[in-house]
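Dumped structure.tsv below, it's TSV, C-alpha atoms:
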chain	number	residue	atom	x	y	z
A	1	SER	CA	-12.17	-2.44	-1.35
A	2	GLU	CA	-10.01	0.30	-2.85
A	3	ARG	CA	-6.78	-1.05	-1.36
A	4	GLU	CA	-7.50	-4.51	-2.80
A	5	ALA	CA	-8.14	-2.96	-6.22
A	6	VAL	CA	-4.79	-1.14	-6.02
A	7	LEU	CA	-3.05	-4.34	-4.94
A	8	TYR	CA	-4.57	-6.31	-7.81
A	9	THR	CA	-3.67	-3.78	-10.50
A	10	GLN	CA	-0.12	-3.04	-9.32
A	11	THR	CA	0.92	-6.59	-8.44
A	12	PHE	CA	-1.21	-9.45	-9.71
A	13	GLU	CA	-2.74	-8.30	-12.99
A	14	LYS	CA	0.72	-8.09	-14.63
A	15	HIS	CA	1.33	-11.74	-13.72
A	16	GLY	CA	-1.86	-12.81	-15.51
A	17	PHE	CA	-4.11	-13.30	-12.48
A	18	THR	CA	-7.82	-12.92	-13.10
A	19	VAL	CA	-9.95	-11.02	-10.61
A	20	PHE	CA	-11.45	-14.35	-9.53
A	21	GLU	CA	-7.98	-15.82	-8.88
A	22	PHE	CA	-7.00	-12.71	-6.93
A	23	ILE	CA	-10.09	-13.03	-4.73
A	24	LYS	CA	-9.24	-16.69	-4.20
A	25	LEU	CA	-5.69	-15.72	-3.15
A	26	MET	CA	-7.04	-13.17	-0.67
A	27	GLU	CA	-9.25	-15.85	0.88
A	28	PHE	CA	-6.83	-18.82	0.65
A	29	GLY	CA	-3.93	-17.12	2.34
A	30	CYS	CA	-5.83	-15.32	5.08
A	31	ALA	CA	-4.55	-11.91	3.93
A	32	ARG	CA	-3.40	-9.58	6.73
A	33	TRP	CA	-3.03	-5.81	6.32
A	34	GLU	CA	-0.44	-3.93	8.39
A	35	GLN	CA	0.28	-0.20	8.52
A	36	TYR	CA	3.84	0.90	9.37
A	37	SER	CA	5.37	4.31	10.09
A	38	PHE	CA	8.85	5.54	9.21
A	39	GLY	CA	11.48	3.34	10.83
A	40	ASP	CA	9.09	0.56	11.90
A	41	LEU	CA	10.36	-2.96	11.34
A	42	VAL	CA	8.13	-5.20	9.27
A	43	ASP	CA	6.96	-8.11	11.43
A	44	ALA	CA	9.61	-10.84	11.15
A	45	ASP	CA	6.92	-13.50	10.61
A	46	GLN	CA	5.78	-11.61	7.52
A	47	LEU	CA	9.25	-11.83	6.01
A	48	ASP	CA	8.87	-15.62	5.86
A	49	ASP	CA	5.37	-15.31	4.38
A	50	LEU	CA	4.33	-13.93	1.00
A	51	TRP	CA	4.00	-10.13	1.24
A	52	VAL	CA	3.60	-7.01	-0.88
A	53	VAL	CA	4.13	-3.31	-0.17
A	54	VAL	CA	0.87	-1.70	-1.28
A	55	GLN	CA	1.76	1.90	-0.37
A	56	GLY	CA	5.11	3.36	0.63
A	57	SER	CA	8.36	1.41	0.56
A	58	CYS	CA	10.75	-0.65	2.66
A	59	GLU	CA	14.49	-1.04	2.91
A	60	VAL	CA	15.94	-4.48	3.46
A	61	TRP	CA	18.85	-4.51	5.90
A	62	ASP	CA	21.33	-7.37	5.68
A	63	ARG	CA	22.48	-8.10	9.24
A	64	GLN	CA	25.52	-10.08	8.15
A	65	GLN	CA	26.90	-7.45	5.77
A	66	GLN	CA	25.57	-4.50	7.84
A	67	LEU	CA	24.09	-2.63	4.88
A	68	VAL	CA	20.87	-1.85	3.04
A	69	SER	CA	20.75	-4.55	0.38
A	70	GLU	CA	17.65	-3.40	-1.50
A	71	ARG	CA	14.67	-1.08	-1.53
A	72	ILE	CA	11.25	-2.58	-2.07
A	73	GLY	CA	8.61	-0.40	-3.67
A	74	ARG	CA	4.92	-0.83	-4.30
A	75	GLY	CA	3.64	-3.91	-6.03
A	76	VAL	CA	6.67	-6.17	-5.54
A	77	LEU	CA	5.98	-9.74	-4.38
A	78	CYS	CA	8.34	-10.56	-1.51
A	79	GLY	CA	8.91	-13.62	0.61
A	80	GLY	CA	7.22	-16.83	-0.38
A	81	GLU	CA	10.52	-18.31	-1.48
A	82	GLN	CA	9.42	-21.66	-0.04
A	83	LEU	CA	6.94	-21.86	-2.92
A	84	VAL	CA	9.83	-22.10	-5.40
A	85	ARG	CA	12.81	-23.13	-3.26
A	86	THR	CA	14.53	-26.44	-3.62
A	87	SER	CA	15.52	-28.16	-0.40
A	88	ALA	CA	19.15	-27.21	-1.02
A	89	SER	CA	18.42	-23.47	-1.22
A	90	ARG	CA	19.34	-21.35	1.75
A	91	ASN	CA	16.90	-19.25	3.74
A	92	ASP	CA	18.06	-15.65	4.18
A	93	SER	CA	15.12	-14.45	6.28
A	94	ASP	CA	17.14	-14.78	9.50
A	95	ARG	CA	19.82	-12.51	8.00
A	96	THR	CA	17.54	-9.67	6.91
A	97	ILE	CA	15.27	-7.03	8.37
A	98	ALA	CA	12.77	-4.91	6.42
A	99	ARG	CA	12.20	-1.35	7.66
A	100	ALA	CA	9.46	1.02	6.50
A	101	VAL	CA	10.60	4.18	4.76
A	102	GLY	CA	7.71	6.50	5.56
A	103	ALA	CA	4.06	5.51	5.89
A	104	THR	CA	3.83	2.01	4.45
A	105	LEU	CA	0.94	-0.41	3.95
A	106	VAL	CA	1.85	-4.10	3.65
A	107	VAL	CA	-0.38	-7.08	2.95
A	108	SER	CA	0.84	-10.57	3.75
A	109	TRP	CA	-0.40	-14.12	3.41
A	110	ASP	CA	0.29	-16.97	5.81
A	111	LEU	CA	2.49	-19.17	3.65
A	112	ALA	CA	1.81	-22.45	5.47
A	113	HIS	CA	-1.95	-21.98	5.17
A	114	LEU	CA	-1.62	-20.84	1.56
A	115	GLN	CA	0.49	-23.88	0.58
A	116	LYS	CA	-2.13	-26.27	1.97
A	117	ARG	CA	-4.82	-24.60	-0.12
A	118	LEU	CA	-2.65	-24.45	-3.24
A	119	ALA	CA	-2.01	-28.19	-3.07
A	120	ALA	CA	-5.65	-28.72	-4.09
A	121	ASP	CA	-5.43	-26.31	-7.07
A	122	ASP	CA	-2.31	-27.09	-9.08
A	123	SER	CA	-2.83	-24.61	-11.94
A	124	PHE	CA	-3.42	-21.71	-9.55
A	125	GLY	CA	-0.45	-22.80	-7.44
A	126	GLU	CA	1.76	-22.93	-10.51
A	127	LYS	CA	0.71	-19.41	-11.51
A	128	LEU	CA	1.55	-18.10	-8.04
A	129	ARG	CA	4.91	-19.93	-7.98
A	130	ARG	CA	5.77	-18.40	-11.37
A	131	ALA	CA	4.84	-14.90	-10.15
A	132	VAL	CA	7.03	-15.35	-7.04
A	133	ALA	CA	9.93	-16.65	-9.16
A	134	VAL	CA	9.69	-13.71	-11.59
A	135	SER	CA	9.56	-11.28	-8.68
A	136	MET	CA	12.60	-12.94	-7.06
A	137	ALA	CA	14.53	-12.61	-10.32
A	138	ASP	CA	13.53	-8.95	-10.71
A	139	ARG	CA	14.58	-8.23	-7.13
A	140	LEU	CA	17.94	-9.97	-7.62
A	141	LEU	CA	18.63	-7.91	-10.73
A	142	GLY	CA	17.50	-4.76	-8.92
A	143	ALA	CA	19.72	-5.53	-5.91
A	144	LYS	CA	22.66	-6.02	-8.25
A	145	ASP	CA	21.97	-2.58	-9.75
A	146	PHE	CA	21.39	-1.10	-6.28
A	147	ASP	CA	24.77	-2.41	-5.15
A	148	ARG	CA	26.50	-0.50	-7.95
A	149	ALA	CA	24.57	2.75	-7.44
A	150	PRO	CA	26.69	5.76	-6.31
So that I can check it, write out the structure of this file as structure tokens.
Amino acid sequence: SEREAVLYTQTFEKHGFTVFEFIKLMEFGCARWEQYSFGDLVDADQLDDLWVVVQGSCEVWDRQQQLVSERIGRGVLCGGEQLVRTSASRNDSDRTIARAVGATLVVSWDLAHLQKRLAADDSFGEKLRRAVAVSMADRLLGAKDFDRAP
């Protein structure tokens, strides 16, 4: 579909995924598409899963600090930290809320289901873990810059 083509080109192609691998990801993770309007909260379960804003954008609200900690635009891999997290890492999903800024289309993958499927395909799993790790690093650097913005 057109929205899958947009998702592939803006998110997965840059991480070296082939079209075949992208199709596999869509099937493995039971991809779910959700449309949000301005001010809608992204489903909390999605925040723990792997998700991408396909159209529109979201703000991430940190409940503990009571501020917008980052803005997430199109094509950014979010969530899925359990793919790369060590057991000692903390989980911030209970501290944050993502809110749509305008009409926003989000696709998400059930992380538990996806991890089971990835266990059988180590090279594909490694590629996805690397893409999530790169996206996490980019978001951390962006949040650092966002924090200093006027």
I'd like the interatomic distance between CA of Phe17 (chain A) and CA of Gly142 (chain A), to a tenth of an Å. 23.5 Å
Expressed in Å to a single decimal, how great is the separation between CA of Trp109 (chain A) and CA of Thr96 (chain A)?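 Distance reported for this atom pair: 18.8 Å.
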Pairwise distance for CA of Ala98 (chain A) and CA of Ile23 (chain A), rounded to one decimal in Å: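 Spanning CA of Ala98 (chain A) to CA of Ile23 (chain A) is a straight-line distance of 26.7 Å.
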Which residues are close to Ser108 (chain A), i.e. within 12 Å by all atoms listed in the file, leaving aside same-chain residues fewer than 2 positions away? Reply as a JSON list (two decimals) with C-alpha atoms, in the frame of the given file.
[["chain", "number", "residue", "atom", "x", "y", "z"],
["A", 7, "LEU", "CA", -3.05, -4.34, -4.94],
["A", 25, "LEU", "CA", -5.69, -15.72, -3.15],
["A", 26, "MET", "CA", -7.04, -13.17, -0.67],
["A", 27, "GLU", "CA", -9.25, -15.85, 0.88],
["A", 28, "PHE", "CA", -6.83, -18.82, 0.65],
["A", 29, "GLY", "CA", -3.93, -17.12, 2.34],
["A", 30, "CYS", "CA", -5.83, -15.32, 5.08],
["A", 31, "ALA", "CA", -4.55, -11.91, 3.93],
["A", 32, "ARG", "CA", -3.40, -9.58, 6.73],
["A", 33, "TRP", "CA", -3.03, -5.81, 6.32],
["A", 34, "GLU", "CA", -0.44, -3.93, 8.39],
["A", 35, "GLN", "CA", 0.28, -0.20, 8.52],
["A", 42, "VAL", "CA", 8.13, -5.20, 9.27],
["A", 43, "ASP", "CA", 6.96, -8.11, 11.43],
["A", 44, "ALA", "CA", 9.61, -10.84, 11.15],
["A", 45, "ASP", "CA", 6.92, -13.50, 10.61],
["A", 46, "GLN", "CA", 5.78, -11.61, 7.52],
["A", 47, "LEU", "CA", 9.25, -11.83, 6.01],
["A", 48, "ASP", "CA", 8.87, -15.62, 5.86],
["A", 49, "ASP", "CA", 5.37, -15.31, 4.38],
["A", 50, "LEU", "CA", 4.33, -13.93, 1.00],
["A", 51, "TRP", "CA", 4.00, -10.13, 1.24],
["A", 52, "VAL", "CA", 3.60, -7.01, -0.88],
["A", 53, "VAL", "CA", 4.13, -3.31, -0.17],
["A", 54, "VAL", "CA", 0.87, -1.70, -1.28],
["A", 76, "VAL", "CA", 6.67, -6.17, -5.54],
["A", 77, "LEU", "CA", 5.98, -9.74, -4.38],
["A", 78, "CYS", "CA", 8.34, -10.56, -1.51],
["A", 79, "GLY", "CA", 8.91, -13.62, 0.61],
["A", 80, "GLY", "CA", 7.22, -16.83, -0.38],
["A", 105, "LEU", "CA", 0.94, -0.41, 3.95],
["A", 106, "VAL", "CA", 1.85, -4.10, 3.65],
["A", 110, "ASP", "CA", 0.29, -16.97, 5.81],
["A", 111, "LEU", "CA", 2.49, -19.17, 3.65],
["A", 113, "HIS", "CA", -1.95, -21.98, 5.17],
["A", 114, "LEU", "CA", -1.62, -20.84, 1.56]]
With only C-alpha atoms as the atoms that count, which of A:Leu140, A:Ala103, A:Ile97, A:Ala5 lies nearest to Gln66 (chain A)? A:Ile97
Across A:Gln10, A:Gln64, A:Gln55, A:Thr18, the smallest distance to Tyr36 (chain A), with all atoms listed in the file counted, is shown by A:Gln55
Taking into account all atoms listed in the file, which residue in the set A:Val19, A:Lys24, A:Met136, A:Thr11 is nearest to Leu118 (chain A)? A:Lys24
